[in-house]
Amino acid sequence: MKNVMILTGAGQIGMAIARRMGCNMKIVIGDKNLENAKVVSRTMNEAGFDTTPTEMDLSSRASIMQMLGLAQSFGEIAILVNAAGVSPSQAPIEAILKVDLYGTAVLLEEVGKIIKRGGSGVTISSQSGWRMPALSAEDDALLATAPTEELLSLPLLQPQNIRDTLHAYQLAKRCNEKRVMAEAVKWGERGARLNAIAPGIIVTPLAIDEFNGPRGDFYKNMFAKCPAGRPGTADEVANVAELLLSDRSAFITGSTFLIDGGATASYFYGPLAPANL
């Protein structure tokens, strides 16, 4: 029996992280599109890793539980890498909330019940949640701690309170980060740690969809006017994930790490500030 890594989302960021941390582990790769999972699995297996692909719909508790059952059949789950999700240009409001918000909350909750003692996890959030105005303390607490099956019924997540798909995405990512804080407390009871990473513009197929979508010019302007002056790469996200998943970050849990080339800083205090656009 091996230690097991769960990788949800068969994309560039998730694969980059798995390659850093997955040596000598069994890696279960879950994706809604089984063909995507098979492609990443084959690529990694041909590089010497031990992976198994499976179909996994993050919007479905039953599908999540099925994936976790498969993972446990190989050994104890020691690492979670959640890189699954949809973007504002890929899905309607309802799907964004069901996948990015509800599904992530369910996954973090259920893995937290079975994670190996001393295990660790990261979930991929987004810079987008950092640009949304602050919510009330009550709303923050509800996003962090409301029972998962009640999340989508919260008043602030009702259709009349959500402007568009970008707003839905921002709410989902704000929820991810609040949920990480609350779940980190529970994971800590098993000596395990949980953190989030909030990437900015990272060149992936999802980002390319955004570049070609209705907000494409906005995103291109964002990385052009951020301090780094460019988009990031999946391996740069993996640099931070490698730290967070390793024993070198034994004192870090319940945190979110912003990796955006300074775009958020520029949004508040530089040329990306709304007043300057």
# chains A, B, ... in the order shown; residues from 1 in each chain; ligands from 1

$ closest_atom_pairs --of "range 117-196 of chain A" --to "range 86-106 of chain A" --cutoff "6 Å" --atoms "only C-alpha atoms" --output "Markdown table"
| residue | atom | partner | partner_atom | distance |
| --- | --- | --- | --- | --- |
| A:Thr165 | CA | A:Pro88 | CA | 5.0 |
| A:Leu166 | CA | A:Pro88 | CA | 5.2 |
| A:Ala168 | CA | A:Ile93 | CA | 5.8 |
| A:Ala172 | CA | A:Leu101 | CA | 4.5 |

$ select_by_dssp --residues "range 10-232 of chain A" --states "strand (DSSP E or B)" --output "MDAnalysis selection string"
chainID A and resid 26:31 50:55 77:82 120:124 193:199 202 232

$ select_by_dssp --residues "range 10-219 of chain A" --states "alpha helix (DSSP H)" --output "VMD selection string"
chain A and resid 12 to 21 34 to 45 61 to 72 93 to 96 104 to 114 137 to 145 165 to 188 205 to 211 216 to 219

$ residues_around --residues "Phe74 in chain A" --least-positions-apart "4" --cutoff "7 Å" --atoms "only C-alpha atoms" --output "PDB file with C-alpha atoms, in the first residue's frame"
ATOM      1  CA  MET A   1       0.000   0.000   0.000  1.00  0.00           C
ATOM      2  CA  LYS A   2       1.313   3.431  -0.980  1.00  0.00           C
ATOM      3  CA  VAL A   4      -1.946   8.387  -2.108  1.00  0.00           C
TER       4      VAL A   4
END

$ residues_around --residues "Ser128 in chain A" --least-positions-apart "4" --cutoff "8 Å" --atoms "only C-alpha atoms" --output "number ranges by chain"
A: 132, 169-170, 173, 200

$ write_last_selection --atoms "N, CA and C atoms" --output "PDB file, in the first residue's frame"
ATOM      1  N   MET A 132     -12.795  41.732  -5.139  1.00  0.00           N
ATOM      2  CA  MET A 132     -14.181  41.973  -4.772  1.00  0.00           C
ATOM      3  C   MET A 132     -14.226  42.729  -3.447  1.00  0.00           C
ATOM      4  N   TYR A 169     -17.874  34.001  -9.857  1.00  0.00           N
ATOM      5  CA  TYR A 169     -16.539  33.418  -9.715  1.00  0.00           C
ATOM      6  C   TYR A 169     -15.808  34.046  -8.527  1.00  0.00           C
ATOM      7  N   GLN A 170     -15.922  35.362  -8.386  1.00  0.00           N
ATOM      8  CA  GLN A 170     -15.292  36.035  -7.255  1.00  0.00           C
ATOM      9  C   GLN A 170     -15.856  35.538  -5.930  1.00  0.00           C
ATOM     10  N   LYS A 173     -14.491  32.048  -5.201  1.00  0.00           N
ATOM     11  CA  LYS A 173     -13.103  32.035  -4.764  1.00  0.00           C
ATOM     12  C   LYS A 173     -12.952  32.645  -3.369  1.00  0.00           C
ATOM     13  N   GLY A 200      -2.785  34.442 -10.340  1.00  0.00           N
ATOM     14  CA  GLY A 200      -3.264  35.454 -11.263  1.00  0.00           C
ATOM     15  C   GLY A 200      -3.374  34.839 -12.645  1.00  0.00           C
TER      16      GLY A 200
END

$ atom_distance --atom1 "CA of Ile79 in chain A" --atom2 "CA of Ile252 in chain A"
15.1 Å

$ atom_distance --atom1 "CA of Ser120 in chain A" --atom2 "CA of Pro205 in chain A"
27.0 Å

$ closest_residue --among "A:Leu68, A:Ala263, A:Val28, A:Val203" --to "Ala228 in chain A" --atoms "only C-alpha atoms"
A:Ala263

$ atom_distance --atom1 "CA of Gln160 in chain A" --atom2 "CA of Thr145 in chain A"
22.8 Å

$ residues_around --residues "Arg20 in chain A" --least-positions-apart "2" --cutoff "9 Å" --atoms "only C-alpha atoms" --output "list in words"
Met15, Ala16, Ile17, Ala18, Gly22, Cys23, Ala238, Asn239, Ala241 and Glu242 of chain A

$ write_last_selection --atoms "N, CA and C atoms" --output "PDB file, in the first residue's frame"
ATOM      1  N   MET A  15      -1.079  19.192 -12.819  1.00  0.00           N
ATOM      2  CA  MET A  15      -0.025  18.258 -13.227  1.00  0.00           C
ATOM      3  C   MET A  15       1.339  18.751 -12.782  1.00  0.00           C
ATOM      4  N   ALA A  16       1.587  20.057 -12.875  1.00  0.00           N
ATOM      5  CA  ALA A  16       2.884  20.599 -12.452  1.00  0.00           C
ATOM      6  C   ALA A  16       3.118  20.335 -10.970  1.00  0.00           C
ATOM      7  N   ILE A  17       2.072  20.494 -10.163  1.00  0.00           N
ATOM      8  CA  ILE A  17       2.201  20.243  -8.723  1.00  0.00           C
ATOM      9  C   ILE A  17       2.409  18.760  -8.461  1.00  0.00           C
ATOM     10  N   ALA A  18       1.626  17.922  -9.143  1.00  0.00           N
ATOM     11  CA  ALA A  18       1.726  16.481  -8.930  1.00  0.00           C
ATOM     12  C   ALA A  18       3.116  15.959  -9.282  1.00  0.00           C
ATOM     13  N   GLY A  22       4.626  13.944  -6.343  1.00  0.00           N
ATOM     14  CA  GLY A  22       4.029  12.625  -6.491  1.00  0.00           C
ATOM     15  C   GLY A  22       4.981  11.454  -6.627  1.00  0.00           C
ATOM     16  N   CYS A  23       6.273  11.676  -6.503  1.00  0.00           N
ATOM     17  CA  CYS A  23       7.208  10.557  -6.609  1.00  0.00           C
ATOM     18  C   CYS A  23       6.945   9.542  -5.504  1.00  0.00           C
ATOM     19  N   ALA A 238       3.499  25.802  -8.987  1.00  0.00           N
ATOM     20  CA  ALA A 238       3.993  24.571  -8.362  1.00  0.00           C
ATOM     21  C   ALA A 238       5.145  24.847  -7.396  1.00  0.00           C
ATOM     22  N   ASN A 239       5.934  25.891  -7.657  1.00  0.00           N
ATOM     23  CA  ASN A 239       7.005  26.248  -6.721  1.00  0.00           C
ATOM     24  C   ASN A 239       6.449  26.489  -5.325  1.00  0.00           C
ATOM     25  N   ALA A 241       3.313  25.573  -4.255  1.00  0.00           N
ATOM     26  CA  ALA A 241       2.621  24.375  -3.786  1.00  0.00           C
ATOM     27  C   ALA A 241       3.598  23.375  -3.195  1.00  0.00           C
ATOM     28  N   GLU A 242       4.751  23.241  -3.811  1.00  0.00           N
ATOM     29  CA  GLU A 242       5.764  22.308  -3.301  1.00  0.00           C
ATOM     30  C   GLU A 242       6.154  22.675  -1.870  1.00  0.00           C
TER      31      GLU A 242
END

$ closest_residue --among "A:Gly129, A:Gly14, A:Gly48, A:Gly118" --to "Ala84 in chain A" --atoms "only C-alpha atoms"
A:Gly14

$ residues_around --residues "Ala273 in chain A" --least-positions-apart "3" --cutoff "12 Å" --atoms "only C-alpha atoms" --output "PDB file with all heavy atoms, in the first residue's frame"
ATOM      1  N   ARG A 131     -10.233  41.054  -5.472  1.00  0.00           N
ATOM      2  CA  ARG A 131     -10.625  42.365  -5.989  1.00  0.00           C
ATOM      3  C   ARG A 131     -12.089  42.690  -5.695  1.00  0.00           C
ATOM      4  O   ARG A 131     -12.548  43.786  -5.999  1.00  0.00           O
ATOM      5  CB  ARG A 131     -10.366  42.437  -7.498  1.00  0.00           C
ATOM      6  CG  ARG A 131      -8.891  42.415  -7.834  1.00  0.00           C
ATOM      7  CD  ARG A 131      -8.654  42.848  -9.264  1.00  0.00           C
ATOM      8  NE  ARG A 131      -9.357  42.013 -10.224  1.00  0.00           N
ATOM      9  CZ  ARG A 131      -8.912  40.854 -10.664  1.00  0.00           C
ATOM     10  NH1 ARG A 131      -7.766  40.384 -10.228  1.00  0.00           N
ATOM     11  NH2 ARG A 131      -9.611  40.154 -11.538  1.00  0.00           N
ATOM     12  N   ASN A 221      -4.625  43.276 -20.657  1.00  0.00           N
ATOM     13  CA  ASN A 221      -4.203  44.526 -20.042  1.00  0.00           C
ATOM     14  C   ASN A 221      -3.711  44.295 -18.621  1.00  0.00           C
ATOM     15  O   ASN A 221      -2.761  44.936 -18.160  1.00  0.00           O
ATOM     16  CB  ASN A 221      -5.377  45.514 -20.039  1.00  0.00           C
ATOM     17  CG  ASN A 221      -4.999  46.870 -19.481  1.00  0.00           C
ATOM     18  OD1 ASN A 221      -4.145  47.560 -20.012  1.00  0.00           O
ATOM     19  ND2 ASN A 221      -5.646  47.262 -18.387  1.00  0.00           N
ATOM     20  N   MET A 222      -4.345  43.339 -17.933  1.00  0.00           N
ATOM     21  CA  MET A 222      -3.974  43.075 -16.549  1.00  0.00           C
ATOM     22  C   MET A 222      -2.529  42.604 -16.433  1.00  0.00           C
ATOM     23  O   MET A 222      -1.752  43.126 -15.630  1.00  0.00           O
ATOM     24  CB  MET A 222      -4.907  42.024 -15.942  1.00  0.00           C
ATOM     25  CG  MET A 222      -4.632  41.741 -14.472  1.00  0.00           C
ATOM     26  SD  MET A 222      -5.638  40.376 -13.837  1.00  0.00           S
ATOM     27  CE  MET A 222      -7.285  40.995 -14.145  1.00  0.00           C
ATOM     28  N   LYS A 225       0.092  45.356 -17.349  1.00  0.00           N
ATOM     29  CA  LYS A 225       0.278  46.471 -16.420  1.00  0.00           C
ATOM     30  C   LYS A 225       0.541  46.029 -14.987  1.00  0.00           C
ATOM     31  O   LYS A 225       0.571  46.850 -14.078  1.00  0.00           O
ATOM     32  CB  LYS A 225      -0.953  47.387 -16.461  1.00  0.00           C
ATOM     33  CG  LYS A 225      -1.097  48.122 -17.782  1.00  0.00           C
ATOM     34  CD  LYS A 225      -2.260  49.092 -17.764  1.00  0.00           C
ATOM     35  CE  LYS A 225      -2.357  49.864 -19.083  1.00  0.00           C
ATOM     36  NZ  LYS A 225      -3.515  50.782 -19.104  1.00  0.00           N
ATOM     37  N   CYS A 226       0.745  44.740 -14.772  1.00  0.00           N
ATOM     38  CA  CYS A 226       1.145  44.304 -13.430  1.00  0.00           C
ATOM     39  C   CYS A 226       2.660  44.472 -13.305  1.00  0.00           C
ATOM     40  O   CYS A 226       3.362  44.578 -14.315  1.00  0.00           O
ATOM     41  CB  CYS A 226       0.723  42.857 -13.176  1.00  0.00           C
ATOM     42  SG  CYS A 226       1.718  41.603 -14.017  1.00  0.00           S
ATOM     43  N   ALA A 263      -0.514  41.849  -9.808  1.00  0.00           N
ATOM     44  CA  ALA A 263      -1.706  42.435 -10.432  1.00  0.00           C
ATOM     45  C   ALA A 263      -2.668  43.013  -9.402  1.00  0.00           C
ATOM     46  O   ALA A 263      -3.251  44.083  -9.620  1.00  0.00           O
ATOM     47  CB  ALA A 263      -2.416  41.385 -11.290  1.00  0.00           C
ATOM     48  N   THR A 264      -2.826  42.329  -8.280  1.00  0.00           N
ATOM     49  CA  THR A 264      -3.734  42.842  -7.250  1.00  0.00           C
ATOM     50  C   THR A 264      -3.193  44.134  -6.654  1.00  0.00           C
ATOM     51  O   THR A 264      -3.940  45.090  -6.413  1.00  0.00           O
ATOM     52  CB  THR A 264      -3.949  41.786  -6.156  1.00  0.00           C
ATOM     53  OG1 THR A 264      -4.522  40.615  -6.746  1.00  0.00           O
ATOM     54  CG2 THR A 264      -4.882  42.299  -5.068  1.00  0.00           C
ATOM     55  N   ALA A 265      -1.890  44.183  -6.428  1.00  0.00           N
ATOM     56  CA  ALA A 265      -1.275  45.413  -5.933  1.00  0.00           C
ATOM     57  C   ALA A 265      -1.500  46.559  -6.910  1.00  0.00           C
ATOM     58  O   ALA A 265      -1.831  47.691  -6.521  1.00  0.00           O
ATOM     59  CB  ALA A 265       0.218  45.194  -5.706  1.00  0.00           C
ATOM     60  N   SER A 266      -1.348  46.269  -8.201  1.00  0.00           N
ATOM     61  CA  SER A 266      -1.553  47.294  -9.217  1.00  0.00           C
ATOM     62  C   SER A 266      -3.019  47.710  -9.296  1.00  0.00           C
ATOM     63  O   SER A 266      -3.329  48.876  -9.585  1.00  0.00           O
ATOM     64  CB  SER A 266      -1.077  46.781 -10.580  1.00  0.00           C
ATOM     65  OG  SER A 266      -1.181  47.773 -11.564  1.00  0.00           O
ATOM     66  N   TYR A 267      -3.931  46.775  -9.032  1.00  0.00           N
ATOM     67  CA  TYR A 267      -5.359  47.082  -9.056  1.00  0.00           C
ATOM     68  C   TYR A 267      -5.715  48.090  -7.969  1.00  0.00           C
ATOM     69  O   TYR A 267      -6.528  48.990  -8.177  1.00  0.00           O
ATOM     70  CB  TYR A 267      -6.167  45.794  -8.876  1.00  0.00           C
ATOM     71  CG  TYR A 267      -7.653  46.012  -8.829  1.00  0.00           C
ATOM     72  CD1 TYR A 267      -8.392  46.132 -10.001  1.00  0.00           C
ATOM     73  CD2 TYR A 267      -8.331  46.097  -7.612  1.00  0.00           C
ATOM     74  CE1 TYR A 267      -9.765  46.337  -9.961  1.00  0.00           C
ATOM     75  CE2 TYR A 267      -9.704  46.300  -7.570  1.00  0.00           C
ATOM     76  CZ  TYR A 267     -10.417  46.414  -8.749  1.00  0.00           C
ATOM     77  OH  TYR A 267     -11.775  46.619  -8.701  1.00  0.00           O
ATOM     78  N   PHE A 268      -5.095  47.964  -6.804  1.00  0.00           N
ATOM     79  CA  PHE A 268      -5.406  48.885  -5.710  1.00  0.00           C
ATOM     80  C   PHE A 268      -4.543  50.153  -5.731  1.00  0.00           C
ATOM     81  O   PHE A 268      -5.032  51.231  -5.401  1.00  0.00           O
ATOM     82  CB  PHE A 268      -5.232  48.162  -4.360  1.00  0.00           C
ATOM     83  CG  PHE A 268      -6.357  47.231  -4.047  1.00  0.00           C
ATOM     84  CD1 PHE A 268      -6.202  45.869  -4.179  1.00  0.00           C
ATOM     85  CD2 PHE A 268      -7.590  47.716  -3.632  1.00  0.00           C
ATOM     86  CE1 PHE A 268      -7.244  44.989  -3.903  1.00  0.00           C
ATOM     87  CE2 PHE A 268      -8.644  46.862  -3.350  1.00  0.00           C
ATOM     88  CZ  PHE A 268      -8.475  45.485  -3.486  1.00  0.00           C
ATOM     89  N   TYR A 269      -3.288  50.009  -6.156  1.00  0.00           N
ATOM     90  CA  TYR A 269      -2.362  51.134  -5.973  1.00  0.00           C
ATOM     91  C   TYR A 269      -1.520  51.456  -7.205  1.00  0.00           C
ATOM     92  O   TYR A 269      -0.471  52.086  -7.100  1.00  0.00           O
ATOM     93  CB  TYR A 269      -1.428  50.849  -4.789  1.00  0.00           C
ATOM     94  CG  TYR A 269      -2.176  50.443  -3.541  1.00  0.00           C
ATOM     95  CD1 TYR A 269      -2.043  49.162  -3.015  1.00  0.00           C
ATOM     96  CD2 TYR A 269      -3.038  51.346  -2.902  1.00  0.00           C
ATOM     97  CE1 TYR A 269      -2.750  48.783  -1.873  1.00  0.00           C
ATOM     98  CE2 TYR A 269      -3.741  50.980  -1.769  1.00  0.00           C
ATOM     99  CZ  TYR A 269      -3.591  49.701  -1.266  1.00  0.00           C
ATOM    100  OH  TYR A 269      -4.308  49.324  -0.137  1.00  0.00           O
ATOM    101  N   GLY A 270      -1.963  51.045  -8.374  1.00  0.00           N
ATOM    102  CA  GLY A 270      -1.165  51.272  -9.572  1.00  0.00           C
ATOM    103  C   GLY A 270      -2.018  51.486 -10.801  1.00  0.00           C
ATOM    104  O   GLY A 270      -3.195  51.831 -10.706  1.00  0.00           O
ATOM    105  N   ASN A 276      -7.853  54.547 -13.037  1.00  0.00           N
ATOM    106  CA  ASN A 276      -6.834  54.796 -14.051  1.00  0.00           C
ATOM    107  C   ASN A 276      -7.175  54.128 -15.395  1.00  0.00           C
ATOM    108  O   ASN A 276      -6.428  54.261 -16.361  1.00  0.00           O
ATOM    109  CB  ASN A 276      -5.479  54.291 -13.578  1.00  0.00           C
ATOM    110  CG  ASN A 276      -4.964  55.056 -12.377  1.00  0.00           C
ATOM    111  OD1 ASN A 276      -5.252  56.246 -12.231  1.00  0.00           O
ATOM    112  ND2 ASN A 276      -4.227  54.383 -11.502  1.00  0.00           N
ATOM    113  N   LEU A 277      -8.251  53.374 -15.425  1.00  0.00           N
ATOM    114  CA  LEU A 277      -8.592  52.644 -16.655  1.00  0.00           C
ATOM    115  C   LEU A 277      -9.580  53.428 -17.504  1.00  0.00           C
ATOM    116  O   LEU A 277     -10.288  54.291 -17.022  1.00  0.00           O
ATOM    117  CB  LEU A 277      -9.191  51.271 -16.281  1.00  0.00           C
ATOM    118  CG  LEU A 277      -8.246  50.338 -15.531  1.00  0.00           C
ATOM    119  CD1 LEU A 277      -8.948  49.030 -15.182  1.00  0.00           C
ATOM    120  CD2 LEU A 277      -7.003  50.039 -16.364  1.00  0.00           C
TER     121      LEU A 277
END

$ closest_residue --among "A:Ile208, A:Val180, A:Leu107, A:Ile115" --to "Gln72 in chain A" --atoms "only C-alpha atoms"
A:Ile115

$ residues_around --residues "range 29-39 of chain A" --least-positions-apart "6" --cutoff "7 Å" --atoms "only C-alpha atoms" --output "count of residues only"
12

$ closest_residue --among "A:Ala250, A:Ile13, A:Ile114, A:Ile201" --to "Gly75 in chain A" --atoms "only C-alpha atoms"
A:Ile114

$ closest_residue --among "A:Ser60, A:Arg42, A:Gly261, A:Gly119" --to "Glu189 in chain A" --atoms "only C-alpha atoms"
A:Gly119

$ decode --residues "range 100-112 of chain A" --atoms "N, CA, C and O atoms" --output "PDB file, in the first residue's frame"
ATOM      1  N   ASP A 100     -17.205  25.443  -8.426  1.00  0.00           N
ATOM      2  CA  ASP A 100     -16.101  26.126  -7.759  1.00  0.00           C
ATOM      3  C   ASP A 100     -16.367  26.376  -6.275  1.00  0.00           C
ATOM      4  O   ASP A 100     -15.431  26.351  -5.467  1.00  0.00           O
ATOM      5  N   LEU A 101     -17.614  26.628  -5.926  1.00  0.00           N
ATOM      6  CA  LEU A 101     -17.936  26.949  -4.532  1.00  0.00           C
ATOM      7  C   LEU A 101     -18.374  25.698  -3.770  1.00  0.00           C
ATOM      8  O   LEU A 101     -17.679  25.223  -2.871  1.00  0.00           O
ATOM      9  N   TYR A 102     -19.509  25.142  -4.147  1.00  0.00           N
ATOM     10  CA  TYR A 102     -20.050  23.984  -3.431  1.00  0.00           C
ATOM     11  C   TYR A 102     -19.121  22.769  -3.532  1.00  0.00           C
ATOM     12  O   TYR A 102     -18.781  22.135  -2.516  1.00  0.00           O
ATOM     13  N   GLY A 103     -18.703  22.430  -4.727  1.00  0.00           N
ATOM     14  CA  GLY A 103     -17.892  21.233  -4.912  1.00  0.00           C
ATOM     15  C   GLY A 103     -16.584  21.289  -4.154  1.00  0.00           C
ATOM     16  O   GLY A 103     -16.160  20.295  -3.534  1.00  0.00           O
ATOM     17  N   THR A 104     -15.933  22.434  -4.198  1.00  0.00           N
ATOM     18  CA  THR A 104     -14.681  22.579  -3.453  1.00  0.00           C
ATOM     19  C   THR A 104     -14.920  22.417  -1.963  1.00  0.00           C
ATOM     20  O   THR A 104     -14.140  21.757  -1.265  1.00  0.00           O
ATOM     21  N   ALA A 105     -15.994  23.008  -1.457  1.00  0.00           N
ATOM     22  CA  ALA A 105     -16.304  22.881  -0.030  1.00  0.00           C
ATOM     23  C   ALA A 105     -16.525  21.423   0.364  1.00  0.00           C
ATOM     24  O   ALA A 105     -16.028  20.961   1.403  1.00  0.00           O
ATOM     25  N   VAL A 106     -17.260  20.690  -0.460  1.00  0.00           N
ATOM     26  CA  VAL A 106     -17.500  19.264  -0.176  1.00  0.00           C
ATOM     27  C   VAL A 106     -16.183  18.491  -0.181  1.00  0.00           C
ATOM     28  O   VAL A 106     -15.906  17.682   0.717  1.00  0.00           O
ATOM     29  N   LEU A 107     -15.364  18.729  -1.181  1.00  0.00           N
ATOM     30  CA  LEU A 107     -14.095  18.008  -1.300  1.00  0.00           C
ATOM     31  C   LEU A 107     -13.203  18.256  -0.084  1.00  0.00           C
ATOM     32  O   LEU A 107     -12.655  17.311   0.501  1.00  0.00           O
ATOM     33  N   LEU A 108     -13.052  19.520   0.314  1.00  0.00           N
ATOM     34  CA  LEU A 108     -12.196  19.833   1.460  1.00  0.00           C
ATOM     35  C   LEU A 108     -12.741  19.196   2.730  1.00  0.00           C
ATOM     36  O   LEU A 108     -11.978  18.700   3.574  1.00  0.00           O
ATOM     37  N   GLU A 109     -14.047  19.207   2.876  1.00  0.00           N
ATOM     38  CA  GLU A 109     -14.683  18.621   4.057  1.00  0.00           C
ATOM     39  C   GLU A 109     -14.465  17.106   4.108  1.00  0.00           C
ATOM     40  O   GLU A 109     -14.057  16.559   5.150  1.00  0.00           O
ATOM     41  N   GLU A 110     -14.727  16.435   3.010  1.00  0.00           N
ATOM     42  CA  GLU A 110     -14.659  14.973   3.005  1.00  0.00           C
ATOM     43  C   GLU A 110     -13.217  14.465   3.088  1.00  0.00           C
ATOM     44  O   GLU A 110     -12.941  13.472   3.775  1.00  0.00           O
ATOM     45  N   VAL A 111     -12.284  15.126   2.405  1.00  0.00           N
ATOM     46  CA  VAL A 111     -10.884  14.715   2.516  1.00  0.00           C
ATOM     47  C   VAL A 111     -10.385  14.944   3.940  1.00  0.00           C
ATOM     48  O   VAL A 111      -9.615  14.148   4.475  1.00  0.00           O
ATOM     49  N   GLY A 112     -10.853  16.029   4.564  1.00  0.00           N
ATOM     50  CA  GLY A 112     -10.437  16.320   5.931  1.00  0.00           C
ATOM     51  C   GLY A 112     -10.807  15.235   6.919  1.00  0.00           C
ATOM     52  O   GLY A 112     -10.166  15.094   7.972  1.00  0.00           O
TER      53      GLY A 112
END
